[in-house]
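Heads up: the structure comes next, in C-alpha cells.
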Amino acid sequence: MSDALTRLLSTRDWLMADGATGTNLFNMGLSSGDAPEMWNIEQPDNIRKLYKGAVDAGSDIFLTNTFGGNASRLKLHNAQSQVHELNRVGAALGREIADASGRDVIVAGSVGPTGDIFVPMGTLTHELAVEMFHEQAEGLKAGGADVLWVETISAPEEYKAAAEAARLAGMPWCGTMSFDTAGRTMMGVTSAAMVDMVEKLPNPPLGFGANCGVGASDLLRTVLGFVAQGTERPIIAKGNAGIPKYHDGHIHYDGTPELMAEYAVLARDAGVRIIGGCCGTMPEHLRAMRNALENRAPGPRPSLEVITAALGGFSSASDGTGDDANAPRRERRRGR
Amino acid sequence: MADDDEIILSELSDDELVLQMHDDLYDGMKEEIEEGVNILIARGWTPYDVLTKALVAGMTIVGADFRDGILFVPEVLLAANAMKAGMFILKPLLVETGAPRMGKMVIGTVKGDIHDIGKNLVAMMMEGAGFEVLDLGINNSVEKYLEALERERPDILGMSALLTTTMPYMKVVIDTMKEKGMREDYIVLVGGAPLNEEFGRAIGADAYCRDAAVAVETAKMYVARKHNQLSA
C-alpha cells in the first residue's frame with residue numbers, strides 16, 4: 001500500500017486529526033441555514049483559514065469542508081449540479097494548505113450522510129447512495145484528497161454504499177459512525193456490530209471508528225467496545241468538545257481544552273490510532289490535545305470508571321452490547 | 001401455549017384482540033392492524049375507543065421502548081407505518097363522530113437541514129397519540145413557518161435541526177414570532193440530536209424534546225396546561 005495515510009500510520013503510534021468545521025465557520029460569519037460547502041468557492045480564504053487553523057495546531061490529518069457535499073444535501077440549496085466542483089475545490093484548497101505545511105499532513109475528503117432513509121421505510125436505494133457518494137468522491141479525488149473520510153453515519157446500508165463508492169473511485173477510505181442513541185447509532189448499530197460489519201466488507205476502510213455522538217465519555221465507551229472485539233484495524237475517535245450551549249447568538253460547546261486533552265490521552269491509552277475532535281473542537285483544543293499526546297506518557301487502557309472520573313458520566317446506562325443489554329421487557333403474548 | 005398456531009384475529013375476544021394489536025403494532029404488522037381496526041369497528045366500538053385503546057396505547061409501548069433504548073429508528077418507523085394504516089381507516093370515522101381532538105401541530109425541519117428522520121418520527125408518534133399534524137417537511141424558512149402558523153392556527157409549533165450549522169436557525173424563527181407578537185399564541189417545541197434542554201430554553205422555546213416519545217408526553221402536558229388556562 002502506498003497511500004499517504006498508510007505510510008504515515010506506519011511511522012507513528014498515533015496521529016492527530018482535526019476538530020470542528022461548522023463551529024469554526026460560524027465564528028467566521030457563516031449564517032445558520034446556509035451551505036458551508038458554498039464557501040469553498042465564495043469565501044475560499046475562510047476555508048484556507050479553517051484548514052490552516054487545524055494544521056498550525058498540530059493536526060496530522062484534516063477534513064475538507066465537504067461534509068454536506070452530496071447531491072441530496074446540496075439540493076436544499078439548489079446546488080446539486082455543483083457536487084463535483086464544490087468537492088474538488090474543497091479538496092484543492094486543502095491540498096494547497098497541506099503542501100505548504102512543510103510536513104506530512106493528510107487531506108481527508110469529508111463525506112457525510114445523505115440524510116435520506118433506505119428502502120423499504122424510505123426512498124434511498126443502495127445504487128442511489130453509491131452513485132451520490134461516488135460523484136462526491138470523484139470531485140474530492142480530482143482536488144487532490146489523500147483519502148475519503150466518511151463520517152457521522154447511522155445506517156449500516158449507508159456505510160456499505162460509501163465503501164463501494166470508494167472502490168469505484170479507486171481511493172483509500174476511512175469511515176466513522178455516530179453513536180448517539182443509548183450507546184448505539186440512531187439506526188441501532190452497536191460498537192460490536194460495526195466491527196463485524198467493517199471486517200466483512202469487500203473493501204474495508206484503512207481505519208474505522210466513532211465521531212460526533214453525545215460527549216467525549218460516551219465516545220470512549222464506544223471505543224472500548226471496538227477494542228473488545230479484538231480488531232487490528234486502526235481505530236478513529238473524533239468526539240465532540242462537550243455539549244452545545246447557546247450563547248449570544250451562536251453555539252458554544254462547553255468542553256474545555258483541558259478536558260479535550262484528557263480525552264485525547266485516554267483515547268490513545270484505549271488503543272485509538274487516530275485522535276481528533278468533532279463539533280466544538282477549536283484550534284486551542286487541538287493544541288492542548290497535541291501537547292498532551294506528545295508529553296504525557298502512555299498509560300494502561302482506561303476502565304469505564306477512569307473515563308467517567310476524567311470526562312464526566314455517560315448519557316445512557318448501557319452501550320447496547322452484551323447478552324443482557326436492552327432485552328425487551330415485554331413478554332410476547334404468543335408467536336405468529 | 002401453542003406457539004406456532006395461526007392466530008385468527010376475528011376469533012379473539014375484544015380484550016385479547018386489543019392486546020394482540022399492541023403486539024402487532026410493536027412488530028410493525030400493517031395488514032394485521034388494518035384488520036384489527038376493521039373488526040373492532042364492526043363490533044360496534046367507537047372510532048375514538050379504537051384509536052385510544054388499541055392504537056395509541058400500543059404506540060405508547062413502542063414509544064417507551066424507543067425512549068429506553070430497546071427499540072431503534074428502523075423498528076419505530078415500521079410500527080408508525082402500521083399505526084398510520086390504522087389511522088387511515090379511522091380518520092374519516094373520527095371526523096364523522098365528532099371525537100374529541102387532542103390538538104394540532106405544525107412541524108418542520110429548519111432551513112438548511114435535510115435531516116427529517118427524527119422529525120418524521122415525532123410527526124408519526126404525535127399522530128399516533130391522536131394529534132392532528134401538518135408536516136412542512138425539510139428546509140423551512142421563517143416565512144414558511146409563519147405562513148403555516150397563520151393558516152393552520154395549530155396549538156404547537158415543532159422545529160427540528162440536526163446540524164450545528166442549522167440549530168441556531170430555530171432562534172431566528174422564535175425571535176421573528178416575538179417581533180410579530182405571536183410567540184405566546186403557540187407552544188414551541190424543539191428537537192434534534194445535538195440539542196439539549198438548556199439550548200431549548202436559551203433560544204426561547206417552551207421545551208426541548210429528547211426524542212419522539214418525550215415530544216408526545218411534552219405536547220400532551222402543554223396542551224392540557226393551555227386548555228386549563230383558557231378555562232380558568
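Identifiers in this document derive from the order of the C-alpha cells: chains are assigned A, B, ..., residues are numbered from 1 separately in each chain, and ligands are numbered from 1 in order of occurrence.
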- Message: Can you tell me which residues surround A:Asn70 at a distance of at most 8 Å, considering only C-alpha atoms, apart from same-chain residues fewer than 4 positions away, and format the answer as a list in words?
- Response: Leu74, Gln80, Val83, Val111, Gly112, Thr114, Met132, Phe133, Glu135 and Gln136 of chain A
- Message: Taking 5 positions as the minimum chain separation for residues in the same chain, which residues sit within 9 Å of stretch 8-19 of chain B when counting only C-alpha atoms? Answer as a ChimeraX atom specification.
- Response: /A:333 /B:24,32,35-36,39-40,43,50,53-55,58
Same residues, C-alpha atoms, saved as a PDB file, in the first residue's frame:
ATOM      1  CA  ARG A 333     -48.164 -12.918  24.136  1.00  0.00           C
TER       2      ARG A 333
ATOM      3  CA  ASP B  24     -48.768  -6.288  16.085  1.00  0.00           C
ATOM      4  CA  GLU B  32     -52.980  -7.121  10.862  1.00  0.00           C
ATOM      5  CA  GLU B  35     -57.788  -5.989  10.048  1.00  0.00           C
ATOM      6  CA  GLY B  36     -57.953  -5.406  13.797  1.00  0.00           C
ATOM      7  CA  ILE B  39     -63.016  -5.912  13.344  1.00  0.00           C
ATOM      8  CA  LEU B  40     -63.387  -3.576  16.334  1.00  0.00           C
ATOM      9  CA  ARG B  43     -68.164  -4.991  16.646  1.00  0.00           C
ATOM     10  CA  VAL B  50     -60.294   2.052  18.762  1.00  0.00           C
ATOM     11  CA  LYS B  53     -57.338   1.769  23.473  1.00  0.00           C
ATOM     12  CA  ALA B  54     -55.856  -0.178  20.575  1.00  0.00           C
ATOM     13  CA  LEU B  55     -53.592   2.167  18.607  1.00  0.00           C
ATOM     14  CA  GLY B  58     -49.899   0.287  21.574  1.00  0.00           C
TER      15      GLY B  58
END
Distance query stretch 76-90 of chain B at most 6 Å, only C-alpha atoms, self and fewer than 4 positions along chain excluded, as a short mmCIF file (atom, residue, chain, number, x, y, z; two decimals) with C-alpha atoms, in the first residue's frame:
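And here's around.cif as it stands now:
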data_model
loop_
_atom_site.label_atom_id
_atom_site.label_comp_id
_atom_site.auth_asym_id
_atom_site.auth_seq_id
_atom_site.Cartn_x
_atom_site.Cartn_y
_atom_site.Cartn_z
CA LEU B 25 -48.06 -2.56 16.30
CA TYR B 26 -44.84 -3.34 18.13
CA GLY B 28 -44.99 -3.20 12.60
CA MET B 29 -47.57 -5.53 11.07
CA LYS B 30 -49.61 -3.25 8.89
CA ILE B 33 -53.55 -3.64 12.30
CA GLU B 34 -55.91 -2.76 9.47
CA LEU B 94 -63.37 10.17 13.82
CA MET B 124 -45.84 9.87 13.33
#
Selection near stretch 151-155 of chain B, 9 Å with only C-alpha atoms, sequence-local residues under 6 positions removed, as a compact mmCIF listing (two decimals) with C-alpha atoms, in the first residue's frame:
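Result file selection.txt:
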# COMPACT_ATOMS: atom_id res chain seq x y z
CA GLY B 103 -54.64 19.23 19.44
CA LYS B 104 -52.89 20.30 16.29
CA MET B 105 -49.21 20.61 15.46
CA VAL B 106 -47.27 22.20 12.64
CA GLU B 132 -53.53 16.36 14.01
CA VAL B 133 -50.17 17.01 12.37
CA LEU B 134 -49.22 19.19 9.43
CA ASP B 185 -50.09 32.10 20.85
CA TYR B 186 -48.21 28.84 20.34
CA ILE B 187 -46.44 26.10 22.22
CA VAL B 188 -42.98 25.84 20.67
CA VAL B 223 -51.82 21.32 25.62
CA LYS B 226 -53.09 25.61 27.84
- as a list in words, which residues of stretch 75-158 of chain B does DSSP assign to strand (DSSP E or B)?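 Residues of stretch 75-158 of chain B classed as strand (DSSP E or B): Lys104, Met105, Val106, Ile107, Gly108, Thr109, Val110, Glu132, Val133, Leu134, Asp135, Asn140, Ile156, Leu157 and Gly158 of chain B.
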Take the selection from the previous step and output its residues with C-alpha atoms, as a CSV table (one decimal), in the first residue's frame.
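This is the output file again-v3.csv:
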chain,number,residue,atom,x,y,z
B,104,LYS,CA,-52.9,20.3,16.3
B,105,MET,CA,-49.2,20.6,15.5
B,106,VAL,CA,-47.3,22.2,12.6
B,107,ILE,CA,-43.8,20.6,12.3
B,108,GLY,CA,-40.8,21.1,10.1
B,109,THR,CA,-37.0,20.8,9.9
B,110,VAL,CA,-35.3,24.2,9.7
B,132,GLU,CA,-53.5,16.4,14.0
B,133,VAL,CA,-50.2,17.0,12.4
B,134,LEU,CA,-49.2,19.2,9.4
B,135,ASP,CA,-45.7,18.3,8.3
B,140,ASN,CA,-38.2,25.6,6.1
B,156,ILE,CA,-48.0,23.6,18.7
B,157,LEU,CA,-45.1,24.5,16.5
B,158,GLY,CA,-42.4,21.8,16.3
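Here atom CA of A:Arg221 stands at a distance of 20.2 Å from atom CA of A:Pro257.
A straight line drawn from atom CA of A:Arg290 to atom CA of A:Ile274 is 11.9 Å long.
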- Message: For the helix (DSSP H, G or I) assignment from backbone DSSP, which residues of stretch 79-127 of chain B qualify? Please present them as an NGL selection string.
- Response: :B and (79-96 or 117-127)
The selected residues should be written to file as a PDB file, in the first residue's frame (atoms: C-alpha atoms).
ATOM      1  CA  ALA B  79     -44.564   0.479  13.937  1.00  0.00           C
ATOM      2  CA  ALA B  80     -45.519   4.010  12.931  1.00  0.00           C
ATOM      3  CA  ASN B  81     -46.261   2.806   9.429  1.00  0.00           C
ATOM      4  CA  ALA B  82     -48.673   0.186  10.799  1.00  0.00           C
ATOM      5  CA  MET B  83     -50.230   2.839  13.036  1.00  0.00           C
ATOM      6  CA  LYS B  84     -50.687   5.106  10.049  1.00  0.00           C
ATOM      7  CA  ALA B  85     -52.537   2.391   8.160  1.00  0.00           C
ATOM      8  CA  GLY B  86     -54.948   2.039  11.084  1.00  0.00           C
ATOM      9  CA  MET B  87     -55.351   5.812  11.301  1.00  0.00           C
ATOM     10  CA  PHE B  88     -56.170   5.979   7.606  1.00  0.00           C
ATOM     11  CA  ILE B  89     -59.274   3.887   8.285  1.00  0.00           C
ATOM     12  CA  LEU B  90     -60.189   5.750  11.458  1.00  0.00           C
ATOM     13  CA  LYS B  91     -59.664   9.343  10.341  1.00  0.00           C
ATOM     14  CA  PRO B  92     -62.913   9.885   8.401  1.00  0.00           C
ATOM     15  CA  LEU B  93     -64.853   8.000  11.082  1.00  0.00           C
ATOM     16  CA  LEU B  94     -63.370  10.172  13.824  1.00  0.00           C
ATOM     17  CA  VAL B  95     -64.444  13.306  11.980  1.00  0.00           C
ATOM     18  CA  GLU B  96     -67.924  11.886  11.378  1.00  0.00           C
ATOM     19  CA  ILE B 117     -35.784  11.191  10.344  1.00  0.00           C
ATOM     20  CA  GLY B 118     -36.324  12.498  13.865  1.00  0.00           C
ATOM     21  CA  LYS B 119     -38.924  14.967  12.686  1.00  0.00           C
ATOM     22  CA  ASN B 120     -40.819  12.225  10.834  1.00  0.00           C
ATOM     23  CA  LEU B 121     -40.768  10.085  13.941  1.00  0.00           C
ATOM     24  CA  VAL B 122     -42.188  12.906  16.011  1.00  0.00           C
ATOM     25  CA  ALA B 123     -44.899  13.554  13.414  1.00  0.00           C
ATOM     26  CA  MET B 124     -45.837   9.867  13.327  1.00  0.00           C
ATOM     27  CA  MET B 125     -45.799   9.470  17.111  1.00  0.00           C
ATOM     28  CA  MET B 126     -47.868  12.635  17.527  1.00  0.00           C
ATOM     29  CA  GLU B 127     -50.400  11.280  15.056  1.00  0.00           C
TER      30      GLU B 127
END
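Nearest to chain B of all the residues A:Pro120, A:Gly170, A:Pro113, A:Gly188 is A:Gly188, based on only C-alpha atoms.
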- Item | Spatial neighbours of stretch 280-286 of chain A, max dist 7 Å, only C-alpha atoms, sep filter under 6 positions, as an MDAnalysis selection string | chainID A and resid 19:20 23:24 53:54 57:58 240:241 252:253 257 260
Resulting file, chosen residues, N, CA and C atoms, as a short mmCIF file (atom, residue, chain, number, x, y, z; two decimals), in the first residue's frame:
data_model
loop_
_atom_site.label_atom_id
_atom_site.label_comp_id
_atom_site.auth_asym_id
_atom_site.auth_seq_id
_atom_site.Cartn_x
_atom_site.Cartn_y
_atom_site.Cartn_z
N GLY A 19 -10.49 19.23 14.26
CA GLY A 19 -11.63 19.44 15.15
C GLY A 19 -12.89 19.75 14.36
N ALA A 20 -13.57 20.82 14.77
CA ALA A 20 -14.87 21.14 14.19
C ALA A 20 -14.73 21.89 12.88
N THR A 23 -18.49 24.75 13.68
CA THR A 23 -18.28 25.70 14.77
C THR A 23 -17.28 26.78 14.35
N ASN A 24 -16.22 26.36 13.67
CA ASN A 24 -15.20 27.32 13.23
C ASN A 24 -15.76 28.28 12.17
N GLY A 53 -5.84 26.56 10.49
CA GLY A 53 -6.02 26.56 11.94
C GLY A 53 -5.75 25.19 12.52
N ALA A 54 -6.24 24.16 11.86
CA ALA A 54 -6.03 22.79 12.34
C ALA A 54 -4.57 22.37 12.16
N ALA A 57 -2.28 23.99 14.58
CA ALA A 57 -2.49 23.49 15.94
C ALA A 57 -1.95 22.07 16.11
N GLY A 58 -1.39 21.50 15.04
CA GLY A 58 -0.72 20.21 15.18
C GLY A 58 -1.44 19.02 14.58
N ASN A 240 -17.03 15.10 20.32
CA ASN A 240 -17.40 16.50 20.48
C ASN A 240 -16.75 17.08 21.73
N ALA A 241 -16.48 18.40 21.66
CA ALA A 241 -15.94 19.10 22.82
C ALA A 241 -17.08 19.46 23.75
N HIS A 252 -22.01 27.34 21.41
CA HIS A 252 -20.72 27.20 22.07
C HIS A 252 -20.72 25.85 22.76
N TYR A 253 -19.67 25.09 22.57
CA TYR A 253 -19.58 23.79 23.24
C TYR A 253 -18.82 23.96 24.55
N PRO A 257 -10.34 23.08 26.63
CA PRO A 257 -9.13 22.46 26.07
C PRO A 257 -8.53 21.41 27.02
N MET A 260 -10.47 18.19 26.68
CA MET A 260 -10.19 17.50 25.43
C MET A 260 -8.78 16.89 25.44
#
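Checking B:Gly63, B:Pro74, B:Gly98, B:Gly128 one by one against chain A, counting only C-alpha atoms, you find the shortest gap at B:Pro74.
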- Item | stretch 299-312 of chain A surroundings by only C-alpha atoms, 6 Å radius, close-in-sequence under 4 positions cut, as a ChimeraX atom specification | /A:217,269-270
Those same residues - N, CA and C atoms - I'd like them written as a short mmCIF file (atom, residue, chain, number, x, y, z; two decimals), in the first residue's frame.
data_model
loop_
_atom_site.label_atom_id
_atom_site.label_comp_id
_atom_site.auth_asym_id
_atom_site.auth_seq_id
_atom_site.Cartn_x
_atom_site.Cartn_y
_atom_site.Cartn_z
N SER A 217 -17.09 11.18 26.87
CA SER A 217 -17.15 9.94 27.66
C SER A 217 -17.81 8.82 26.87
N ASP A 269 -4.61 5.79 25.11
CA ASP A 269 -4.37 4.67 26.01
C ASP A 269 -5.38 3.53 25.78
N ALA A 270 -6.56 3.90 25.26
CA ALA A 270 -7.57 2.87 24.97
C ALA A 270 -7.24 2.10 23.70
#
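Proximity ranking of A:Tyr51, A:Tyr246, A:Phe179, A:Phe208 relative to chain B places A:Tyr246 first, based on only C-alpha atoms.
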- Write out as a ChimeraX atom specification the residues lying within 8 Å of B:Gly69, counting only C-alpha atoms and excluding same-chain residues fewer than 4 positions away. /A:181-182,320,326 /B:65
